[in-house]
Structures are given as C-alpha cells and as structure tokens.
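To start, the structure itself, in structure tokens.
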Amino acid sequence: MNRDSMTDRLRDRTTEAWDIIVIGGGATGMGIAVDAASRGFEVLLLEQADFGKGTSSRSTKLVHGGVRYLQQGNISLVMEALRERGRLLQNAPHLVSDLAFVVPNYEWWEAPFYGVGMKVYDVMAGRYRFGRSKNLSVEETIARLPNIEREGLRGGVLYHDGQFDDARLLVNLAQTAFEQGATVINYAKVNDLMKDSAGFLTGVRVVDQENGEEFQAGARVVINATGPFCDEIRRLDSPTAAAVIQPSQGVHITLDRSFLAGDTAIMVPRTTDGRVMFALPWHDHVIVGTTDTPLDRVSLEPRPTAEEVDFILETTVQYLVRDPTREDVLSAFAGIRPLVRAGQADNTATLSREHSIEISASGLLTIAGGKWTTYRNMAEDCVDHAITVGDLEDRPCVTKSLRIHGHLRDAERFGELAWYGSDATAVRTLIESEDRFGERLHPALPYRAGEVVWSTRSEMTRTVDDYLSRRSRATFLNARAAMEMAPTVAQLLAEALGRDDSWVQSQVREYRQIASGYLP
Ligand SMILES: Cc1cc2nc3c(=O)[nH]c(=O)nc-3n(C[C@H](O)[C@H](O)[C@H](O)COP(=O)(O)OP(=O)(O)OC[C@H]3O[C@@H](n4cnc5c(N)ncnc54)[C@H](O)[C@@H]3O)c2cc1C
C-alpha cells in the first residue's frame with residue numbers, strides 16, 4: 001500500500017466515474033470499501049486525515065454484544081453484535097481475543113440478577129459463544145482479580161466477550177480493501193460535492209492535504225461515512241439539512257498494569273451516575289472508561305475534561321485496593337460517538353447504537369451510528385442500498401467469511417509482533433536486517449525502530465502522529481513516553497519518506513502539541 005501510487009490512480013482517472021466513492025476512513029467507511037471492492041466494484045475511499053484518526057482509534061476496544069443494551073432490552077442489537085463478534089474472531093483471529101470479565105458483587109441481589117442476565121447473553125450468542133458465564137465465590141473472584149476491593153465483596157459474575165485493537169484492525173481493513181482492488185487515500189479531504197443540471201450527485205472535489213493539489217472524482221454513488229462529521233457533508237449536499245448527529249464524548253484513562261493484575265477485566269454495570277464502566281488489561285497496561293458527555297461541536301482531537309478524568313478515577317477507587325491518582329494516569333483519550341438523534345432524548349447514553357442510512361434527494365447516501373463490532377454488517381447494508389441508488393449490478397456480499405489482512409490463527413508465537421499476524425515474519429526480518437532497526441524506541445514500550453520503517457512501506461504512515469497513535473499505540477498507552485519517542489520516529493520517517501530537517505522539526509512540534517492533550 002503506497003500513497004503516491006494511490007494518488008496517481010486518482011490523478012489518472014479523469015473521465016471515467018468510480019462505481020462508489022466513500023468519504024471517511026474510519027471503521028464504517030473502510031468496512032464499506034472492503035465490502036464494495038470484494039463484490040467487484042471500483043471503489044475510491046477518501047480520508048481527510050489518517051485512517052482511524054476519528055472515533056475508530058478511540059473506542060473501549062471491545063468486540064461485544066453489549067451487556068448494557070441487553071439491560072435496555074435491545075435484543076436485536078445484541079443478537080446482531082454477538083453474531084458479528086463471532087465472525088470477526090473467525091476473520092481476524094490475530095487481532096480479536098476472548099477476554100474474561102467479572103462483575104464484582106457487593107449487594108446480595110447482584111449475583112442472581114447479573115448471573116441470570118449473563119446466562120441470557122450466553123444463550124443469545126448461540127454457536128458464536130466465547131466462554132461460559134458463571135457465578136463466582138469471594139475466593140474465586142479474588143483469584144481472578146487480585147487487586148479487587150475486598151471490603152463488602154460477596155462474589156462476582158464471570159462472563160466472556162471479545163477484545164481487539166481498533167486502529168490496527170482499521171489498518172488491516174485498509175490493506176484488505178486495497179488487496180480487493182480499492183483505492184484508499186489518507187490526507188485527502190472532500191471539500192465539495194458535484195451535481196448535474198438536474199441536481200443529482202455526480203462526484204466529489206478533493207484536496208490533497210499534503211500539497212494542496214485539487215482533484216475532481218466522478219462516481220455513480222457517493223457514500224458519506226464521516227461518523228461524527230457527517231452533518232458537514234450533508235450540508236455540502238443541502239445547506240439547510242437538519243443535523244442527524246447528537247455527538248457525545250467518551251473518555252478513557254490508561255494506568256500501569258500493576259493496578260489490575262491477572263488477565264481478567266472488571267465490568268461495573270452501574271456507576272453512581274448510571275453508566276457502565278470497564279477496567280481492562282490491554283497491551284500490558286490497564287484502560288478504564290468510559291464517560292458519556294454531550295458535545296455541541298466535533299473535532300479531530302477531542303480533549304478529555306478534568307471532570308471526566310476525575311469521575312473515572314473516583315469510580316476506580318471504589319473497586320481497586322490501590323487508589324490511582326492523576327499522577328498515575330499515563331494517558332487520557334477522548335472519542336466522539338456518532339449517535340443518531342432520537343427525538344428529544346436528553347440523555348445520549350440512551351440513544352440507539354444501531355446504524356441508520358439516509359438517502360438524500362440528490363442521491364447522497366449517509367450512514368451513521370452503529371458500533372465498531374457491527375461495522376461489517378453496516379457495510380453490507382450500506383452497499384446493498386448503494387447498488388439500488390447507483391443502479392449497479394446486483395452482486396452478493398462476500399465479507400461474512402472474507403479473511404482480513406494479517407489473518408493468522410496462532411499469531412501469539414510471534415510475541416510482541418503477534419498483532420501483525422501473517423505480516424509478523426516480514427516485520428521481524430526487517431527488524432533483524434540492520435542493528436539500528438532492532439533498537440527499542442523507548443524502554444517503557446515494546447516498539448522497535450524497524451516497525452516505523454515497516455509502517456511507511458506497508459501501512460501508509462505519513463506523520464509522527466500516524467505512527468505513534470495508530471500504527472503503534474504509544475500515545476494511548478503512555479503519552480509522555482510517546483513524546484520522548486517523537487524525535488527518533490520523525491528521523492526514521494524522514495529517511496523513509498525523503499523529508500528534510502525542517503520537516504522533522506515541525507513534525508516533532510506538531511506531535512508534541514497533539515500528545516499534550518493526552519496528559520491529564
Ligand atoms: C468512547 C467510545 C468507546 C467506544 N467503544 C466501542 C467498543 O468498545 N466497541 C464497539 O464496537 N464500538 C465502540 N464504540 C463505537 C465505535 O468506535 C464507533 O461506532 C466507530 O468507530 C465509528 O466509526 P466511523 O467510521 O463511523 O467514524 P470515525 O471513526 O470518526 O470516522 C469518520 C472519518 O471521516 C473522516 N472525515 C470527516 N470529514 C471528512 C471529509 N470532508 N473528507 C474526508 N474524510 C472526512 C474523519 O477524519 C474520520 O476519520 C465506541 C465509541 C466511543 C466514542
């Protein structure tokens with residue numbers, strides 16, 4: 001995957017229309033690109049920043065049916081998500097794993113209440129079930145969660161769900177889309193829509209964010225998959241369009257692994273303000289979240305508020321023996337849920353997580369809402385609609401069993417490189433090819449210099465932020481360490497991409513500005 005050859009494809013295609021243009025390179029847009037390309041359509045995907053720069057790198061990292069939606073009685077959403085969870089495990093086994101969760105019980109009614117709920121969850125998953133749920137004694141709960149607060153503990157309920165790495169899955173989906181024939185370009189912003197004299201959409205205008213070059217691209221169907229930003233594109237289509245997105249921010253904090261020993265996660269089904277909160281082992285750290293704060297504007301770098309970080313810390317203190325403080329927070333990150341407005345709802349936690357598809361009078365197809373877990377199903381639904389809107393040949397969806405790039409069943413044998421899946425051997429060969437490529441970028445994190453080089457050759461890394469935030473997860477795991485890595489990463493990128501010293505300086509400056517927003 002190489003950005004220059006992708007932009008050449010766009011530049012060279014001056015007269016012929018693409019079958020489908022997808023605006024937005026998050027889970028939703030990339031899922032659509034994979035689906036449409038694998039049905040044999042000619043697909044162009046345009047992302048204004050980096051793939052996954054929006055919400056899709058900022059999730060709780062769960063591939064889940066959503067125990068919370070079960071509580072809300074949204075059976076169809078839970079069933080759909082459980083099915084998709086099972087499919088994702090089949091199609092990307094190098095990135096999705098079974099994670100055990102315990103709901104710790106401090107009240108007498110919690111064991112029967114959550115115990116029965118989790119049995120229902122098991123039954124609904126059917127053949128896609130991960131592990132079996134069961135009620136745990138106090139001793140069994142402590143064995144699984146050695147750091148759990150013991151005062152008043154009555155036991156726990158064990159259940160299973162899936163865990164993944166969101167940004168890495170997105171890179172693998174971009175690679176899959178490319179292998180299926182799609183053209184996917186990062187740093188390509190759609191700034192206008194083109195229409196014919198009858199007012200029907202004929203394509204988009206694009207600006208290359210790296211050099212300002214402008215392009216026009218024709219399409220039989222244009223899909224707006226810009227998540228929290230989708231009203232901006234809808235207003236390019238119709239300036240008076242009413243907003244469909246009710247943006248809400250969710251924050252996580254990252255702590256040292258010692259706060260939650262063992263391999264089991266904690267699920268708190270009801271915090272003091274009625275939310276669900278998780279504490280999860282992830283990449284040898286612990287992430288805790290999330291919050292749900294309505295926003296009035298969206299941005300690519302939303303910042304956690306002091307209140308959100310404090311709320312997460314206050315909740316964590318109730319469940320762990322060692323109390324984390326602000327000084328213990330290694331990173332705090334925020335993501336914006338692209339929730340679809342539901343009437344006059346004033347509490348976004350109750351807004352639907354199901355996706356919605358809208359077709360405007362000009363033929364713009366907008367898909368919004370949904371979850372990472374259900375991205376494949378959302379894409380299938382969207383491409384089915386695109387076939388009708390664009391009068392394309394009716395070809396069946398093949399993604400239910402399509403292997404995602406990197407697919408490998410026993411990737412654990414590659415240790416720290418396991419998440420590269422079938423690419424791990426090639427990454428290791430590159431790391432071993434020069435002594436300096438084997439050097440660790442920081443003692444606190446597992447990444448090596450050769451991985452930066454690999455990411456420029458195979459994963460379309462363009463900036464220090466791309467590498468530190470989404471090709472590796474340094475920014476999310478330990479923002480201070482990531483800032484210290486920035487000069488070395490910038491130097492390696494400059495060598496690989498042919499950039500000069502002033503580029504290196506400005507990249508380090510820009511990255512430090514971004515990463516400072518992850519320090520509470
Ligand atoms: C805090 C939080 C936790 C979550 N946890 C989970 C979880 O554990 N499991 C789960 O299944 N789901 C989870 N979700 C939901 C999931 O992350 C989102 O539903 C999903 O990532 C949305 O993807 P998207 O592609 O629609 O949006 P985004 O990822 O935001 O992608 C939209 C993209 O469009 C691009 N764009 C915007 N304007 C333009 C333009 N003019 N031209 C080109 N590109 C443009 C943006 O740059 C952006 O990259 C969570 C969400 C949040 C906020």
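Residue numbering restarts at 1 in every chain; chains get A, B, ... in the order shown in the structure tokens, and ligands count up from 1 in that same order.
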
>> Need to verify the contact set: Gly262 of chain A, 9 Å, only C-alpha atoms, exclusion of same-chain residues closer than 3 positions in sequence. Can you return it as a ChimeraX atom specification?
In response: /A:143-147,265,281

Residues from the last selection, N, CA and C atoms, saved as a PDB file, in the first residue's frame:
```pdb
ATOM      1  N   ALA A 143      -9.218 -14.599  43.211  1.00  0.00           N
ATOM      2  CA  ALA A 143      -8.203 -15.312  42.414  1.00  0.00           C
ATOM      3  C   ALA A 143      -8.113 -14.705  41.014  1.00  0.00           C
ATOM      4  N   ARG A 144      -9.249 -14.305  40.467  1.00  0.00           N
ATOM      5  CA  ARG A 144      -9.256 -13.707  39.118  1.00  0.00           C
ATOM      6  C   ARG A 144      -8.836 -12.246  39.152  1.00  0.00           C
ATOM      7  N   LEU A 145      -9.226 -11.550  40.226  1.00  0.00           N
ATOM      8  CA  LEU A 145      -8.947 -10.104  40.331  1.00  0.00           C
ATOM      9  C   LEU A 145      -8.202  -9.835  41.636  1.00  0.00           C
ATOM     10  N   PRO A 146      -6.899 -10.114  41.670  1.00  0.00           N
ATOM     11  CA  PRO A 146      -6.166  -9.981  42.937  1.00  0.00           C
ATOM     12  C   PRO A 146      -6.221  -8.559  43.509  1.00  0.00           C
ATOM     13  N   ASN A 147      -6.465  -7.540  42.665  1.00  0.00           N
ATOM     14  CA  ASN A 147      -6.467  -6.159  43.167  1.00  0.00           C
ATOM     15  C   ASN A 147      -7.865  -5.642  43.498  1.00  0.00           C
ATOM     16  N   ALA A 265     -10.899  -8.751  33.190  1.00  0.00           N
ATOM     17  CA  ALA A 265     -11.361  -7.357  33.221  1.00  0.00           C
ATOM     18  C   ALA A 265     -12.458  -7.192  34.273  1.00  0.00           C
ATOM     19  N   PRO A 281      -7.372  -5.129  30.932  1.00  0.00           N
ATOM     20  CA  PRO A 281      -5.961  -5.255  30.546  1.00  0.00           C
ATOM     21  C   PRO A 281      -5.861  -5.078  29.035  1.00  0.00           C
TER      22      PRO A 281
END
```

> Which chains and residue numbers are within 7 Å of ligand 1, counting only C-alpha atoms and all ligand atoms, if I want them as a PyMOL selection string?
Replying inline: chain A and resi 23-29+46-64+188-191+225-230+233+249-251+290+300+334-338+368-374

> From the set A:Asp192, A:Asp323, A:Glu107, A:Asp12, which residue has the shortest atom-to-atom contact distance to Glu232 of chain A, counting only C-alpha atoms?
Replying inline: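 Nearest candidate to Glu232 of chain A out of A:Asp192, A:Asp323, A:Glu107, A:Asp12: A:Asp192.
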
Mind running segment 355-382 of chain A against segment 386-404 of chain A at 7 Å and telling me each contacting residue's nearest atom pair with the distance in Å (one decimal), counting only C-alpha atoms, chain and number ascending, as a Markdown table?
```
| residue | atom | partner | partner_atom | distance |
| --- | --- | --- | --- | --- |
| A:Gly363 | CA | A:Val389 | CA | 6.6 |
| A:Glu380 | CA | A:Cys397 | CA | 6.4 |
| A:Cys382 | CA | A:Ala386 | CA | 6.2 |
```

Just list the residues in segment 184-253 of chain A DSSP gives strand (DSSP E or B) on the backbone, as an mmCIF file with C-alpha atoms, in the first residue's frame.
```cif
data_model
loop_
_atom_site.group_PDB
_atom_site.id
_atom_site.type_symbol
_atom_site.label_atom_id
_atom_site.label_comp_id
_atom_site.auth_asym_id
_atom_site.auth_seq_id
_atom_site.Cartn_x
_atom_site.Cartn_y
_atom_site.Cartn_z
ATOM 1 C CA VAL A 184 -7.764 4.230 -0.376
ATOM 2 C CA ILE A 185 -6.118 7.608 0.275
ATOM 3 C CA ALA A 188 -7.452 13.582 1.085
ATOM 4 C CA LYS A 189 -10.293 15.854 2.163
ATOM 5 C CA VAL A 190 -13.599 16.109 0.337
ATOM 6 C CA ASN A 191 -14.430 19.808 0.295
ATOM 7 C CA ASP A 192 -17.337 19.849 -2.154
ATOM 8 C CA LEU A 193 -19.859 17.678 -3.967
ATOM 9 C CA MET A 194 -20.502 17.850 -7.727
ATOM 10 C CA LYS A 195 -24.018 17.676 -9.214
ATOM 11 C CA LEU A 201 -24.735 13.877 -7.371
ATOM 12 C CA THR A 202 -22.027 13.094 -9.903
ATOM 13 C CA GLY A 203 -18.902 13.084 -7.723
ATOM 14 C CA VAL A 204 -16.705 14.983 -5.276
ATOM 15 C CA ARG A 205 -13.944 17.584 -5.163
ATOM 16 C CA VAL A 206 -10.901 16.560 -3.174
ATOM 17 C CA VAL A 207 -7.886 18.419 -1.787
ATOM 18 C CA ASP A 208 -4.637 16.596 -1.090
ATOM 19 C CA GLU A 214 -7.025 19.535 -6.126
ATOM 20 C CA PHE A 215 -8.880 16.708 -7.858
ATOM 21 C CA GLN A 216 -12.352 16.009 -9.146
ATOM 22 C CA ALA A 217 -13.614 12.443 -8.996
ATOM 23 C CA GLY A 218 -16.813 11.220 -10.617
ATOM 24 C CA ALA A 219 -18.942 8.468 -9.064
ATOM 25 C CA ARG A 220 -22.185 6.595 -9.603
ATOM 26 C CA VAL A 221 -22.780 6.666 -5.846
ATOM 27 C CA VAL A 222 -21.227 8.815 -3.116
ATOM 28 C CA ILE A 223 -21.349 7.469 0.430
ATOM 29 C CA ASN A 224 -20.951 9.795 3.389
ATOM 30 C CA ILE A 245 -25.823 13.543 14.799
ATOM 31 C CA SER A 248 -21.255 12.661 22.751
ATOM 32 C CA GLN A 249 -17.740 12.253 24.117
ATOM 33 C CA GLY A 250 -16.374 9.178 25.869
ATOM 34 C CA VAL A 251 -13.095 9.261 27.810
ATOM 35 C CA HIS A 252 -10.701 6.501 28.904
ATOM 36 C CA ILE A 253 -7.625 6.669 31.074
#
```

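The coordinates place atom CA of Gln513 of chain A at 18.9 Å from atom CA of Glu210 of chain A.
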
> If you count only C-alpha atoms, which residues fall within 9 Å of Ala36 of chain A, apart from same-chain ones fewer than 2 positions away, as a list in words?
Replying inline: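 So the residues in contact are Ile20, Gly31, Ile32, Ala33, Val34, Ser38, Arg39, Gly40, Phe41, Glu42, Val43, Ala177, Gln180, Ala182, Ala379, Glu380, Val383 and Cys397 of chain A.
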
>> Give me, as a list in words, all polymer residues having an atom no more than 12 Å from Arg322 of chain A, counting only C-alpha atoms and skipping those fewer than 4 positions away in the same chain.
In response: Pro146, Asn147, Ile148, Glu149, Arg150, Leu255, Asp256, Ser258, Phe259, Leu260, Ala261, Leu313, Thr316, Val317, Gln318 and Asp328 of chain A

>> So, with only C-alpha atoms as the atoms that count, which of A:Glu308, A:Asp122, A:Glu459, A:Asp165 lies closest to Leu70 of chain A?
In response: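 Ranking A:Glu308, A:Asp122, A:Glu459, A:Asp165 by distance to Leu70 of chain A, first place goes to A:Asp122.
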
> Given the choices A:Ile287, A:Asp384, A:Ala449, A:Gln246, which gets closest to Ser433 of chain A if the distance is worked out from only C-alpha atoms?
Replying inline: A:Ala449

>> I want to know what sits within 10 Å of segment 93-95 of chain A, based on only C-alpha atoms, with residues of the same chain fewer than 5 positions away left out; could you give that as a PyMOL selection string?
In response: chain A and resi 87-88+162-166+168-169+172+403-412+418-422

>> Need to verify the contact set: Ala125 of chain A, 12 Å, only C-alpha atoms, exclusion of same-chain residues closer than 2 positions in sequence. Can you return it as a PyMOL selection string?
In response: chain A and resi 64-67+75-87+118-123+127-133+160-161

Based on the selection just made, write N, CA and C atoms of those residues as a CSV table (one decimal), in the first residue's frame.
```csv
chain,number,residue,atom,x,y,z
A,64,HIS,N,-18.1,-6.6,21.2
A,64,HIS,CA,-19.1,-7.1,22.2
A,64,HIS,C,-20.5,-7.0,21.7
A,65,GLY,N,-21.3,-7.9,22.4
A,65,GLY,CA,-22.8,-7.8,22.1
A,65,GLY,C,-23.3,-6.6,22.8
A,66,GLY,N,-22.7,-6.2,23.9
A,66,GLY,CA,-23.2,-5.0,24.7
A,66,GLY,C,-24.1,-5.5,25.8
A,67,VAL,N,-23.6,-5.8,26.9
A,67,VAL,CA,-24.4,-6.2,28.1
A,67,VAL,C,-25.4,-5.1,28.4
A,75,ILE,N,-32.8,-6.3,22.2
A,75,ILE,CA,-32.4,-7.7,21.8
A,75,ILE,C,-31.8,-7.8,20.4
A,76,SER,N,-32.4,-7.1,19.4
A,76,SER,CA,-32.0,-7.3,18.1
A,76,SER,C,-30.5,-6.7,17.9
A,77,LEU,N,-30.2,-5.6,18.6
A,77,LEU,CA,-28.9,-5.1,18.5
A,77,LEU,C,-27.9,-6.0,19.1
A,78,VAL,N,-28.2,-6.6,20.3
A,78,VAL,CA,-27.3,-7.6,21.0
A,78,VAL,C,-27.1,-8.8,20.1
A,79,MET,N,-28.2,-9.3,19.5
A,79,MET,CA,-28.0,-10.5,18.7
A,79,MET,C,-27.1,-10.2,17.5
A,80,GLU,N,-27.4,-9.1,16.8
A,80,GLU,CA,-26.6,-8.7,15.6
A,80,GLU,C,-25.1,-8.6,16.0
A,81,ALA,N,-24.8,-7.9,17.2
A,81,ALA,CA,-23.5,-7.7,17.6
A,81,ALA,C,-22.8,-9.0,18.0
A,82,LEU,N,-23.5,-9.9,18.6
A,82,LEU,CA,-22.9,-11.2,19.0
A,82,LEU,C,-22.5,-12.0,17.8
A,83,ARG,N,-23.4,-12.0,16.8
A,83,ARG,CA,-23.1,-12.7,15.6
A,83,ARG,C,-21.8,-12.1,14.9
A,84,GLU,N,-21.8,-10.8,14.9
A,84,GLU,CA,-20.6,-10.1,14.2
A,84,GLU,C,-19.3,-10.4,15.0
A,85,ARG,N,-19.5,-10.4,16.4
A,85,ARG,CA,-18.3,-10.7,17.2
A,85,ARG,C,-17.7,-12.0,16.8
A,86,GLY,N,-18.6,-13.1,16.6
A,86,GLY,CA,-18.1,-14.4,16.2
A,86,GLY,C,-17.4,-14.4,14.9
A,87,ARG,N,-18.0,-13.6,13.9
A,87,ARG,CA,-17.5,-13.6,12.6
A,87,ARG,C,-16.1,-12.9,12.6
A,118,MET,N,-26.3,-12.8,32.4
A,118,MET,CA,-25.2,-13.3,31.6
A,118,MET,C,-25.5,-14.6,31.0
A,119,LYS,N,-26.4,-15.4,31.6
A,119,LYS,CA,-26.8,-16.7,31.0
A,119,LYS,C,-27.6,-16.4,29.7
A,120,VAL,N,-28.5,-15.4,29.8
A,120,VAL,CA,-29.2,-15.0,28.6
A,120,VAL,C,-28.3,-14.6,27.5
A,121,TYR,N,-27.2,-13.8,27.9
A,121,TYR,CA,-26.2,-13.3,26.9
A,121,TYR,C,-25.5,-14.5,26.3
A,122,ASP,N,-25.2,-15.6,27.1
A,122,ASP,CA,-24.6,-16.8,26.5
A,122,ASP,C,-25.5,-17.5,25.5
A,123,VAL,N,-26.8,-17.6,25.9
A,123,VAL,CA,-27.8,-18.3,25.0
A,123,VAL,C,-27.9,-17.5,23.7
A,127,ARG,N,-24.1,-20.4,18.7
A,127,ARG,CA,-22.8,-21.0,18.3
A,127,ARG,C,-21.7,-20.0,18.2
A,128,TYR,N,-22.0,-18.7,18.4
A,128,TYR,CA,-20.9,-17.7,18.4
A,128,TYR,C,-20.4,-17.4,19.8
A,129,ARG,N,-20.8,-18.3,20.7
A,129,ARG,CA,-20.5,-18.0,22.1
A,129,ARG,C,-18.9,-18.1,22.3
A,130,PHE,N,-18.4,-17.2,23.2
A,130,PHE,CA,-17.0,-17.2,23.5
A,130,PHE,C,-16.8,-18.2,24.7
A,131,GLY,N,-16.9,-17.8,25.9
A,131,GLY,CA,-16.8,-18.7,27.0
A,131,GLY,C,-18.1,-18.7,27.8
A,132,ARG,N,-18.2,-19.7,28.8
A,132,ARG,CA,-19.5,-19.7,29.5
A,132,ARG,C,-19.4,-18.8,30.7
A,133,SER,N,-20.6,-18.2,31.1
A,133,SER,CA,-20.6,-17.4,32.3
A,133,SER,C,-20.9,-18.2,33.5
A,160,HIS,N,-17.8,-13.7,29.3
A,160,HIS,CA,-16.8,-13.5,28.3
A,160,HIS,C,-17.3,-12.6,27.1
A,161,ASP,N,-16.3,-11.8,26.6
A,161,ASP,CA,-16.6,-11.0,25.5
A,161,ASP,C,-15.3,-10.9,24.6
```
